[in-house]
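The file target.cif contains mmCIF, C-alpha atoms and all ligand atoms; chains and numbers go by the auth columns:
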```cif
data_input
#
loop_
_atom_site.group_PDB
_atom_site.id
_atom_site.type_symbol
_atom_site.label_atom_id
_atom_site.label_comp_id
_atom_site.label_asym_id
_atom_site.label_seq_id
_atom_site.Cartn_x
_atom_site.Cartn_y
_atom_site.Cartn_z
_atom_site.B_iso_or_equiv
_atom_site.auth_seq_id
_atom_site.auth_asym_id
ATOM 1 C CA MET A 1 -37.581 0.863 -17.422 0.00 200 A
ATOM 2 C CA PRO A 2 -38.941 4.252 -18.458 0.00 201 A
ATOM 3 C CA GLU A 3 -41.568 4.421 -21.236 0.00 202 A
ATOM 4 C CA LEU A 4 -39.945 7.105 -23.334 0.00 203 A
ATOM 5 C CA ARG A 5 -41.451 9.013 -26.214 0.00 204 A
ATOM 6 C CA LEU A 6 -40.714 12.141 -28.165 0.00 205 A
ATOM 7 C CA GLU A 7 -43.021 15.139 -28.398 0.00 206 A
ATOM 8 C CA GLU A 8 -42.659 18.314 -30.400 0.00 207 A
ATOM 9 C CA LEU A 9 -41.910 21.384 -28.275 0.00 208 A
ATOM 10 C CA THR A 10 -45.188 23.316 -27.962 0.00 209 A
ATOM 11 C CA ALA A 11 -46.797 25.963 -25.784 0.00 210 A
ATOM 12 C CA SER A 12 -48.178 23.184 -23.589 0.00 211 A
ATOM 13 C CA ASN A 13 -44.843 21.569 -22.707 0.00 212 A
ATOM 14 C CA VAL A 14 -42.342 24.423 -22.989 0.00 213 A
ATOM 15 C CA GLU A 15 -42.726 25.419 -19.338 0.00 214 A
ATOM 16 C CA ALA A 16 -41.987 21.916 -18.137 0.00 215 A
ATOM 17 C CA ALA A 17 -38.992 21.812 -20.473 0.00 216 A
ATOM 18 C CA ASN A 18 -37.708 25.096 -19.063 0.00 217 A
ATOM 19 C CA ARG A 19 -38.138 23.823 -15.506 0.00 218 A
ATOM 20 C CA LEU A 20 -35.829 20.818 -15.952 0.00 219 A
ATOM 21 C CA THR A 21 -33.060 21.006 -13.370 0.00 220 A
ATOM 22 C CA LEU A 22 -29.567 19.658 -13.845 0.00 221 A
ATOM 23 C CA LYS A 23 -26.977 18.288 -11.456 0.00 222 A
ATOM 24 C CA PRO A 24 -24.564 20.751 -9.815 0.00 223 A
ATOM 25 C CA GLY A 25 -21.768 21.763 -12.183 0.00 224 A
ATOM 26 C CA GLN A 26 -23.588 20.758 -15.391 0.00 225 A
ATOM 27 C CA ARG A 27 -25.206 24.059 -16.339 0.00 226 A
ATOM 28 C CA GLU A 28 -22.015 25.596 -17.699 0.00 227 A
ATOM 29 C CA PHE A 29 -21.866 22.817 -20.334 0.00 228 A
ATOM 30 C CA LEU A 30 -25.407 23.375 -21.638 0.00 229 A
ATOM 31 C CA ALA A 31 -24.587 25.952 -24.311 0.00 230 A
ATOM 32 C CA PRO A 32 -21.117 25.514 -25.832 0.00 231 A
ATOM 33 C CA GLU A 33 -19.386 28.806 -26.617 0.00 232 A
ATOM 34 C CA THR A 34 -18.962 27.748 -30.255 0.00 233 A
ATOM 35 C CA TYR A 35 -22.747 27.554 -30.601 0.00 234 A
ATOM 36 C CA THR A 36 -23.356 30.812 -28.739 0.00 235 A
ATOM 37 C CA HIS A 37 -21.180 32.549 -31.326 0.00 236 A
ATOM 38 C CA SER A 38 -22.903 30.805 -34.268 0.00 237 A
ATOM 39 C CA GLU A 39 -26.560 31.196 -33.357 0.00 238 A
ATOM 40 C CA ASP A 40 -27.069 33.900 -35.993 0.00 239 A
ATOM 41 C CA GLN A 41 -26.023 31.385 -38.685 0.00 240 A
ATOM 42 C CA LEU A 42 -28.736 28.873 -37.752 0.00 241 A
ATOM 43 C CA ASP A 43 -31.522 28.369 -40.257 0.00 242 A
ATOM 44 C CA PRO A 44 -34.734 28.614 -38.164 0.00 243 A
ATOM 45 C CA ALA A 45 -36.507 26.380 -40.707 0.00 244 A
ATOM 46 C CA GLY A 46 -34.136 23.544 -39.772 0.00 245 A
ATOM 47 C CA SER A 47 -34.761 23.774 -36.049 0.00 246 A
ATOM 48 C CA TRP A 48 -35.976 20.482 -34.531 0.00 247 A
ATOM 49 C CA PRO A 49 -36.899 20.997 -30.853 0.00 248 A
ATOM 50 C CA ARG A 50 -38.311 17.985 -29.012 0.00 249 A
ATOM 51 C CA VAL A 51 -39.117 17.102 -25.422 0.00 250 A
ATOM 52 C CA ILE A 52 -38.674 13.576 -24.109 0.00 251 A
ATOM 53 C CA LYS A 53 -41.510 12.318 -21.960 0.00 252 A
ATOM 54 C CA ASP A 54 -41.711 9.414 -19.570 0.00 253 A
ATOM 55 C CA GLY A 55 -45.444 8.905 -19.230 0.00 254 A
ATOM 56 C CA ASP A 56 -46.794 12.411 -18.564 0.00 255 A
ATOM 57 C CA ASP A 57 -43.509 13.783 -17.256 0.00 256 A
ATOM 58 C CA VAL A 58 -41.087 15.830 -19.324 0.00 257 A
ATOM 59 C CA VAL A 59 -37.682 14.339 -18.494 0.00 258 A
ATOM 60 C CA GLY A 60 -35.465 15.793 -21.200 0.00 259 A
ATOM 61 C CA TYR A 61 -35.020 18.151 -24.100 0.00 260 A
ATOM 62 C CA ILE A 62 -33.129 17.929 -27.372 0.00 261 A
ATOM 63 C CA MET A 63 -32.843 20.400 -30.196 0.00 262 A
ATOM 64 C CA GLY A 64 -31.528 19.461 -33.588 0.00 263 A
ATOM 65 C CA ALA A 65 -30.318 21.949 -36.173 0.00 264 A
ATOM 66 C CA PHE A 66 -30.497 20.812 -39.791 0.00 265 A
ATOM 67 C CA ASP A 67 -29.173 22.762 -42.754 0.00 266 A
ATOM 68 C CA PRO A 68 -27.698 20.766 -45.647 0.00 267 A
ATOM 69 C CA ASP A 69 -26.392 23.962 -47.257 0.00 268 A
ATOM 70 C CA ALA A 70 -24.453 25.263 -44.262 0.00 269 A
ATOM 71 C CA GLY A 71 -20.819 26.030 -45.039 0.00 270 A
ATOM 72 C CA ASP A 72 -19.471 24.643 -41.758 0.00 271 A
ATOM 73 C CA GLU A 73 -20.085 20.979 -41.091 0.00 272 A
ATOM 74 C CA TYR A 74 -20.997 21.544 -37.447 0.00 273 A
ATOM 75 C CA LEU A 75 -24.069 23.517 -38.600 0.00 274 A
ATOM 76 C CA ARG A 76 -25.440 20.880 -41.009 0.00 275 A
ATOM 77 C CA ALA A 77 -26.921 18.107 -38.854 0.00 276 A
ATOM 78 C CA ALA A 78 -26.209 18.966 -35.257 0.00 277 A
ATOM 79 C CA ILE A 79 -27.301 18.357 -31.725 0.00 278 A
ATOM 80 C CA TRP A 80 -27.664 21.963 -30.682 0.00 279 A
ATOM 81 C CA ARG A 81 -28.991 21.319 -27.170 0.00 280 A
ATOM 82 C CA ILE A 82 -29.530 18.233 -25.082 0.00 281 A
ATOM 83 C CA HIS A 83 -30.262 17.905 -21.417 0.00 282 A
ATOM 84 C CA VAL A 84 -31.919 15.446 -19.111 0.00 283 A
ATOM 85 C CA ALA A 85 -33.508 16.158 -15.716 0.00 284 A
ATOM 86 C CA ALA A 86 -31.117 15.404 -12.851 0.00 285 A
ATOM 87 C CA GLU A 87 -33.402 12.740 -11.377 0.00 286 A
ATOM 88 C CA ALA A 88 -33.821 11.001 -14.751 0.00 287 A
ATOM 89 C CA GLN A 89 -30.133 10.935 -15.718 0.00 288 A
ATOM 90 C CA GLY A 90 -28.417 7.582 -16.046 0.00 289 A
ATOM 91 C CA SER A 91 -31.530 5.709 -17.188 0.00 290 A
ATOM 92 C CA GLY A 92 -31.152 5.954 -20.956 0.00 291 A
ATOM 93 C CA VAL A 93 -33.061 9.185 -21.656 0.00 292 A
ATOM 94 C CA GLY A 94 -30.052 10.887 -23.277 0.00 293 A
ATOM 95 C CA ARG A 95 -29.344 7.846 -25.459 0.00 294 A
ATOM 96 C CA PHE A 96 -33.024 7.722 -26.513 0.00 295 A
ATOM 97 C CA ALA A 97 -32.893 11.414 -27.477 0.00 296 A
ATOM 98 C CA VAL A 98 -29.695 11.041 -29.516 0.00 297 A
ATOM 99 C CA GLU A 99 -31.086 7.984 -31.325 0.00 298 A
ATOM 100 C CA ALA A 100 -34.282 9.885 -32.168 0.00 299 A
ATOM 101 C CA LEU A 101 -32.295 12.790 -33.568 0.00 300 A
ATOM 102 C CA ALA A 102 -30.078 10.376 -35.522 0.00 301 A
ATOM 103 C CA ASP A 103 -33.214 8.785 -37.037 0.00 302 A
ATOM 104 C CA GLU A 104 -34.468 12.225 -38.046 0.00 303 A
ATOM 105 C CA ALA A 105 -31.080 13.053 -39.617 0.00 304 A
ATOM 106 C CA ARG A 106 -31.165 9.771 -41.575 0.00 305 A
ATOM 107 C CA ARG A 107 -34.668 10.584 -42.826 0.00 306 A
ATOM 108 C CA ARG A 108 -33.337 13.918 -44.051 0.00 307 A
ATOM 109 C CA GLY A 109 -30.510 12.203 -45.927 0.00 308 A
ATOM 110 C CA PHE A 110 -27.527 13.009 -43.685 0.00 309 A
ATOM 111 C CA ASP A 111 -24.803 10.429 -43.100 0.00 310 A
ATOM 112 C CA ARG A 112 -23.511 11.874 -39.861 0.00 311 A
ATOM 113 C CA VAL A 113 -24.547 13.974 -36.909 0.00 312 A
ATOM 114 C CA THR A 114 -22.215 16.314 -35.063 0.00 313 A
ATOM 115 C CA VAL A 115 -22.123 17.885 -31.637 0.00 314 A
ATOM 116 C CA VAL A 116 -19.816 20.345 -29.901 0.00 315 A
ATOM 117 C CA TRP A 117 -18.952 20.038 -26.218 0.00 316 A
ATOM 118 C CA ALA A 118 -16.523 21.523 -23.711 0.00 317 A
ATOM 119 C CA ALA A 119 -14.172 19.284 -21.717 0.00 318 A
ATOM 120 C CA GLY A 120 -13.756 19.378 -17.935 0.00 319 A
ATOM 121 C CA GLU A 121 -15.427 18.129 -14.785 0.00 320 A
ATOM 122 C CA GLY A 122 -19.171 17.732 -15.397 0.00 321 A
ATOM 123 C CA SER A 123 -18.631 17.588 -19.176 0.00 322 A
ATOM 124 C CA PRO A 124 -20.952 15.424 -21.307 0.00 323 A
ATOM 125 C CA GLU A 125 -17.904 13.976 -23.106 0.00 324 A
ATOM 126 C CA ALA A 126 -18.196 10.445 -21.671 0.00 325 A
ATOM 127 C CA PHE A 127 -21.881 10.387 -22.575 0.00 326 A
ATOM 128 C CA PHE A 128 -21.282 11.368 -26.202 0.00 327 A
ATOM 129 C CA GLU A 129 -18.510 8.775 -26.514 0.00 328 A
ATOM 130 C CA ALA A 130 -20.731 6.096 -24.921 0.00 329 A
ATOM 131 C CA VAL A 131 -23.455 6.713 -27.500 0.00 330 A
ATOM 132 C CA GLY A 132 -21.013 6.496 -30.421 0.00 331 A
ATOM 133 C CA PHE A 133 -19.549 9.942 -31.109 0.00 332 A
ATOM 134 C CA GLN A 134 -15.875 10.218 -32.006 0.00 333 A
ATOM 135 C CA VAL A 135 -13.842 13.366 -31.666 0.00 334 A
ATOM 136 C CA VAL A 136 -13.125 14.644 -35.179 0.00 335 A
ATOM 137 C CA GLY A 137 -11.857 18.139 -34.460 0.00 336 A
ATOM 138 C CA GLU A 138 -11.620 21.137 -32.212 0.00 337 A
ATOM 139 C CA THR A 139 -13.433 24.426 -32.641 0.00 338 A
ATOM 140 C CA PRO A 140 -11.783 27.870 -32.510 0.00 339 A
ATOM 141 C CA TYR A 141 -13.095 28.116 -28.931 0.00 340 A
ATOM 142 C CA GLY A 142 -11.134 25.048 -27.846 0.00 341 A
ATOM 143 C CA GLU A 143 -14.214 22.817 -27.699 0.00 342 A
ATOM 144 C CA LYS A 144 -14.457 19.268 -29.049 0.00 343 A
ATOM 145 C CA LEU A 145 -16.285 18.523 -32.277 0.00 344 A
ATOM 146 C CA GLY A 146 -17.743 15.028 -32.198 0.00 345 A
ATOM 147 C CA ALA A 147 -19.341 13.081 -35.036 0.00 346 A
ATOM 148 C CA LEU A 148 -21.651 10.084 -35.058 0.00 347 A
ATOM 149 C CA SER A 149 -21.619 8.080 -38.271 0.00 348 A
ATOM 150 C CA LEU A 150 -25.092 7.059 -39.465 0.00 349 A
ATOM 151 C CA ALA A 151 -23.820 4.566 -42.034 0.00 350 A
HETATM 152 C C1 LIG B . -25.220 14.433 -21.015 0.00 401 A
HETATM 153 C C2 LIG B . -26.643 13.996 -20.601 0.00 401 A
HETATM 154 C C3 LIG B . -27.636 14.539 -21.623 0.00 401 A
HETATM 155 C C4 LIG B . -26.685 12.459 -20.561 0.00 401 A
HETATM 156 O O1 LIG B . -28.022 12.038 -20.372 0.00 401 A
HETATM 157 P P1 LIG B . -28.401 10.662 -19.600 0.00 401 A
HETATM 158 O O2 LIG B . -29.845 10.453 -19.772 0.00 401 A
HETATM 159 O O3 LIG B . -27.872 10.698 -18.217 0.00 401 A
HETATM 160 O O4 LIG B . -27.558 9.588 -20.445 0.00 401 A
HETATM 161 P P2 LIG B . -27.925 8.020 -20.615 0.00 401 A
HETATM 162 O O5 LIG B . -28.479 7.513 -19.320 0.00 401 A
HETATM 163 O O6 LIG B . -28.761 7.851 -21.838 0.00 401 A
HETATM 164 O O7 LIG B . -26.475 7.407 -20.848 0.00 401 A
HETATM 165 C C5 LIG B . -26.062 6.818 -22.083 0.00 401 A
HETATM 166 C C6 LIG B . -24.677 6.269 -21.900 0.00 401 A
HETATM 167 O O8 LIG B . -23.767 7.329 -21.551 0.00 401 A
HETATM 168 C C7 LIG B . -23.083 7.019 -20.350 0.00 401 A
HETATM 169 N N1 LIG B . -22.929 8.247 -19.559 0.00 401 A
HETATM 170 C C8 LIG B . -23.864 9.211 -19.387 0.00 401 A
HETATM 171 N N2 LIG B . -23.370 10.191 -18.602 0.00 401 A
HETATM 172 C C9 LIG B . -22.105 9.800 -18.272 0.00 401 A
HETATM 173 C C10 LIG B . -21.090 10.383 -17.488 0.00 401 A
HETATM 174 N N3 LIG B . -21.254 11.566 -16.887 0.00 401 A
HETATM 175 N N4 LIG B . -19.930 9.710 -17.356 0.00 401 A
HETATM 176 C C11 LIG B . -19.739 8.502 -17.951 0.00 401 A
HETATM 177 N N5 LIG B . -20.673 7.909 -18.731 0.00 401 A
HETATM 178 C C12 LIG B . -21.839 8.556 -18.880 0.00 401 A
HETATM 179 C C13 LIG B . -23.999 6.048 -19.622 0.00 401 A
HETATM 180 O O9 LIG B . -23.258 5.249 -18.728 0.00 401 A
HETATM 181 C C14 LIG B . -24.588 5.258 -20.772 0.00 401 A
HETATM 182 O O10 LIG B . -23.673 4.282 -21.203 0.00 401 A
HETATM 183 P P3 LIG B . -24.164 2.776 -21.528 0.00 401 A
HETATM 184 O O11 LIG B . -25.444 2.919 -22.315 0.00 401 A
HETATM 185 O O12 LIG B . -23.024 2.232 -22.307 0.00 401 A
HETATM 186 O O13 LIG B . -24.372 2.162 -20.197 0.00 401 A
HETATM 187 C C15 LIG B . -26.991 14.525 -19.180 0.00 401 A
HETATM 188 O O14 LIG B . -25.969 14.145 -18.283 0.00 401 A
HETATM 189 C C16 LIG B . -27.159 16.022 -19.094 0.00 401 A
HETATM 190 O O15 LIG B . -28.271 16.542 -19.244 0.00 401 A
HETATM 191 N N6 LIG B . -26.054 16.771 -18.839 0.00 401 A
HETATM 192 C C17 LIG B . -26.099 18.213 -18.685 0.00 401 A
HETATM 193 C C18 LIG B . -26.313 18.975 -19.980 0.00 401 A
HETATM 194 C C19 LIG B . -25.195 18.801 -20.989 0.00 401 A
HETATM 195 O O16 LIG B . -24.007 18.746 -20.686 0.00 401 A
HETATM 196 N N7 LIG B . -25.593 18.743 -22.265 0.00 401 A
HETATM 197 C C20 LIG B . -24.666 18.627 -23.383 0.00 401 A
HETATM 198 C C21 LIG B . -24.359 19.958 -23.965 0.00 401 A
HETATM 199 S S1 LIG B . -23.157 19.835 -25.273 0.00 401 A
#
```

Transcribe the structure of this file into structure tokens.
Ligand SMILES: CC(C)(COP(=O)(O)OP(=O)(O)OC[C@H]1O[C@@H](n2cnc3c(N)ncnc32)[C@H](O)[C@@H]1OP(=O)(O)O)[C@@H](O)C(=O)NCCC(=O)NCCS
Amino acid sequence: MPELRLEELTASNVEAANRLTLKPGQREFLAPETYTHSEDQLDPAGSWPRVIKDGDDVVGYIMGAFDPDAGDEYLRAAIWRIHVAAEAQGSGVGRFAVEALADEARRRGFDRVTVVWAAGEGSPEAFFEAVGFQVVGETPYGEKLGALSLA
């Protein structure tokens, strides 16, 4: 079992985070089009970037975006990025990252977390459903909006 822990993204781990490689066909799902078109609406103060480490190794990355005043729900308490190194996938790193972000959202007073993903082969859809997200809508770009209840 991996010994997972969360670390803030800093100058000392950002390179390792950038070097994480995915499995073939996954890269296109990394940055949903909905998010690419909304980046200018993100409140930088609500950015929550974290690396996931197994011992000394960076094995994953998650970025939360928190903004209780955002007009659109998908910008309020969101998983903005999540990815796990190809060789570490399937061992619970993604679930650990989502649970950590959910804990942070709870601390900030949110009652649900959202995420946007694209469907298709290589999509993270089955992962998000396995960790408790339910599809609650579709974005103007035809992507799924999922929500995880923190109640
Ligand atoms: C999606 C991703 C983060 C999942 O990370 P992971 O560490 O492999 O996931 P975990 O091992 O924690 O899996 C948690 C659960 O999801 C399930 N799951 C994960 N990937 C799955 C897949 N491709 N198909 C079916 N189930 C999957 C696991 O079986 C596990 O279920 P269980 O706990 O009930 O047994 C990883 O595959 C990834 O980095 N993908 C590429 C980037 C990406 O698409 N990011 C999302 C952008 S919106």

Can you translate the PyMOL selection byres (((chain A and resi 292) around 8) and not hetatm) into the concrete residues it hits in this file, as an mmCIF file with C-alpha atoms, in the coordinates of the input?
```cif
data_model
loop_
_atom_site.group_PDB
_atom_site.id
_atom_site.type_symbol
_atom_site.label_atom_id
_atom_site.label_comp_id
_atom_site.auth_asym_id
_atom_site.auth_seq_id
_atom_site.Cartn_x
_atom_site.Cartn_y
_atom_site.Cartn_z
ATOM 1 C CA LEU A 203 -39.945 7.105 -23.334
ATOM 2 C CA ILE A 251 -38.674 13.576 -24.109
ATOM 3 C CA VAL A 258 -37.682 14.339 -18.494
ATOM 4 C CA GLY A 259 -35.465 15.793 -21.200
ATOM 5 C CA VAL A 283 -31.919 15.446 -19.111
ATOM 6 C CA ALA A 287 -33.821 11.001 -14.751
ATOM 7 C CA GLN A 288 -30.133 10.935 -15.718
ATOM 8 C CA GLY A 289 -28.417 7.582 -16.046
ATOM 9 C CA SER A 290 -31.530 5.709 -17.188
ATOM 10 C CA GLY A 291 -31.152 5.954 -20.956
ATOM 11 C CA GLY A 293 -30.052 10.887 -23.277
ATOM 12 C CA ARG A 294 -29.344 7.846 -25.459
ATOM 13 C CA PHE A 295 -33.024 7.722 -26.513
ATOM 14 C CA ALA A 296 -32.893 11.414 -27.477
#
```

key: Selected residue, from A:Ala317, A:Val312, A:Ala215, A:Leu347, that lies nearest to ligand LIG 401 (chain A) when counting only C-alpha atoms and all ligand atoms   =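 Under the stated criterion, the closest residue is A:Ala317.
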
Pick from A:Ala304, A:Ala264, A:Ala285, A:Ala276, whichever lies nearest to Gly345 (chain A) using all atoms listed in the file =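 The answer is A:Ala276, which sits nearest to Gly345 (chain A).
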
message = What would the selection look like, as number ranges by chain, if the PyMOL selection byres (((chain A and resi 208) around 7) and not hetatm) were run on the coordinates I just shared?
response = A: 206-207, 209, 212-213, 248-250

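Each of A:Leu219, A:Ala350, A:Leu205, A:Val315 was compared to Thr233 (chain A) using only C-alpha atoms, and A:Val315 turns out to be the nearest.
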
Sphere at (-23.8, 8.3, -38.0), radius 9 Å, counting only C-alpha atoms: residues as a short mmCIF file (atom, residue, chain, number, x, y, z; two decimals) with C-alpha atoms, in the coordinates of the input:
```cif
data_model
loop_
_atom_site.label_atom_id
_atom_site.label_comp_id
_atom_site.auth_asym_id
_atom_site.auth_seq_id
_atom_site.Cartn_x
_atom_site.Cartn_y
_atom_site.Cartn_z
CA ALA A 301 -30.08 10.38 -35.52
CA ALA A 304 -31.08 13.05 -39.62
CA ARG A 305 -31.16 9.77 -41.58
CA PHE A 309 -27.53 13.01 -43.68
CA ASP A 310 -24.80 10.43 -43.10
CA ARG A 311 -23.51 11.87 -39.86
CA VAL A 312 -24.55 13.97 -36.91
CA THR A 313 -22.22 16.31 -35.06
CA GLY A 331 -21.01 6.50 -30.42
CA PHE A 332 -19.55 9.94 -31.11
CA ALA A 346 -19.34 13.08 -35.04
CA LEU A 347 -21.65 10.08 -35.06
CA SER A 348 -21.62 8.08 -38.27
CA LEU A 349 -25.09 7.06 -39.47
CA ALA A 350 -23.82 4.57 -42.03
#
```

Ligand LIG 401 (chain A): axis-aligned bounding box, 4 Å on each side, centre and edge lengths in Å, one decimal, as JSON:
```
{"center_x": -24.8, "center_y": 11.1, "center_z": -21.1, "size_x": 18.1, "size_y": 25.8, "size_z": 16.4}
```

message = I'd like the residues picked by the PyMOL selection byres (((chain A and resi 342) around 12) and not hetatm) written out as number ranges by chain, using the chain letters and numbers from the file.
response = A: 228, 230-234, 273, 314-319, 322-324, 334-341, 343-345

Would you output that residue set with C-alpha atoms, as an mmCIF file, keeping the file's coordinate frame?
```
data_model
loop_
_atom_site.group_PDB
_atom_site.id
_atom_site.type_symbol
_atom_site.label_atom_id
_atom_site.label_comp_id
_atom_site.auth_asym_id
_atom_site.auth_seq_id
_atom_site.Cartn_x
_atom_site.Cartn_y
_atom_site.Cartn_z
ATOM 1 C CA PHE A 228 -21.866 22.817 -20.334
ATOM 2 C CA ALA A 230 -24.587 25.952 -24.311
ATOM 3 C CA PRO A 231 -21.117 25.514 -25.832
ATOM 4 C CA GLU A 232 -19.386 28.806 -26.617
ATOM 5 C CA THR A 233 -18.962 27.748 -30.255
ATOM 6 C CA TYR A 234 -22.747 27.554 -30.601
ATOM 7 C CA TYR A 273 -20.997 21.544 -37.447
ATOM 8 C CA VAL A 314 -22.123 17.885 -31.637
ATOM 9 C CA VAL A 315 -19.816 20.345 -29.901
ATOM 10 C CA TRP A 316 -18.952 20.038 -26.218
ATOM 11 C CA ALA A 317 -16.523 21.523 -23.711
ATOM 12 C CA ALA A 318 -14.172 19.284 -21.717
ATOM 13 C CA GLY A 319 -13.756 19.378 -17.935
ATOM 14 C CA SER A 322 -18.631 17.588 -19.176
ATOM 15 C CA PRO A 323 -20.952 15.424 -21.307
ATOM 16 C CA GLU A 324 -17.904 13.976 -23.106
ATOM 17 C CA VAL A 334 -13.842 13.366 -31.666
ATOM 18 C CA VAL A 335 -13.125 14.644 -35.179
ATOM 19 C CA GLY A 336 -11.857 18.139 -34.460
ATOM 20 C CA GLU A 337 -11.620 21.137 -32.212
ATOM 21 C CA THR A 338 -13.433 24.426 -32.641
ATOM 22 C CA PRO A 339 -11.783 27.870 -32.510
ATOM 23 C CA TYR A 340 -13.095 28.116 -28.931
ATOM 24 C CA GLY A 341 -11.134 25.048 -27.846
ATOM 25 C CA LYS A 343 -14.457 19.268 -29.049
ATOM 26 C CA LEU A 344 -16.285 18.523 -32.277
ATOM 27 C CA GLY A 345 -17.743 15.028 -32.198
#
```

key: Separation of atom C13 of ligand LIG 401 (chain A) from CA of Ile278 (chain A), in Å and rounded to one decimal   = 17.6 Å

query = Residues around (-29.7, 27.6, -37.8), cut-off 9 Å, counting all atoms listed in the file - what are they as a list in words?
reply = Ser237, Glu238, Asp239, Gln240, Leu241, Asp242, Pro243, Ala244, Gly245, Ser246, Ala264, Phe265, Asp266, Ala269, Leu274 and Arg275 of chain A

query = Pick from A:Ile261, A:Ala210, A:Ala329, A:Ala284: nearest to Val297 (chain A), with all atoms listed in the file counted?
reply =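 Once distances to Val297 (chain A) are computed over all atoms listed in the file, the minimum belongs to A:Ile261.
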
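Closest to ligand LIG 401 (chain A) among A:Val257, A:Ile281, A:Ala299, A:Ala216 is A:Ile281, based on all atoms listed in the file.
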
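Counting only C-alpha atoms and comparing A:Gly263, A:Gly270, A:Pro223, A:Pro201, the residue that lies closest to Glu298 (chain A) is A:Gly263.
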
inquiry  = Rounded to one decimal, what separation in Å do you get between CA of Val330 (chain A) and CA of Glu214 (chain A)?
reply    =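 Atom-to-atom, CA of Val330 (chain A) and CA of Glu214 (chain A) are spaced 28.1 Å apart.
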
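Atom pair CA of Asp302 (chain A) / atom C3 of ligand LIG 401 (chain A): separated by 17.4 Å.
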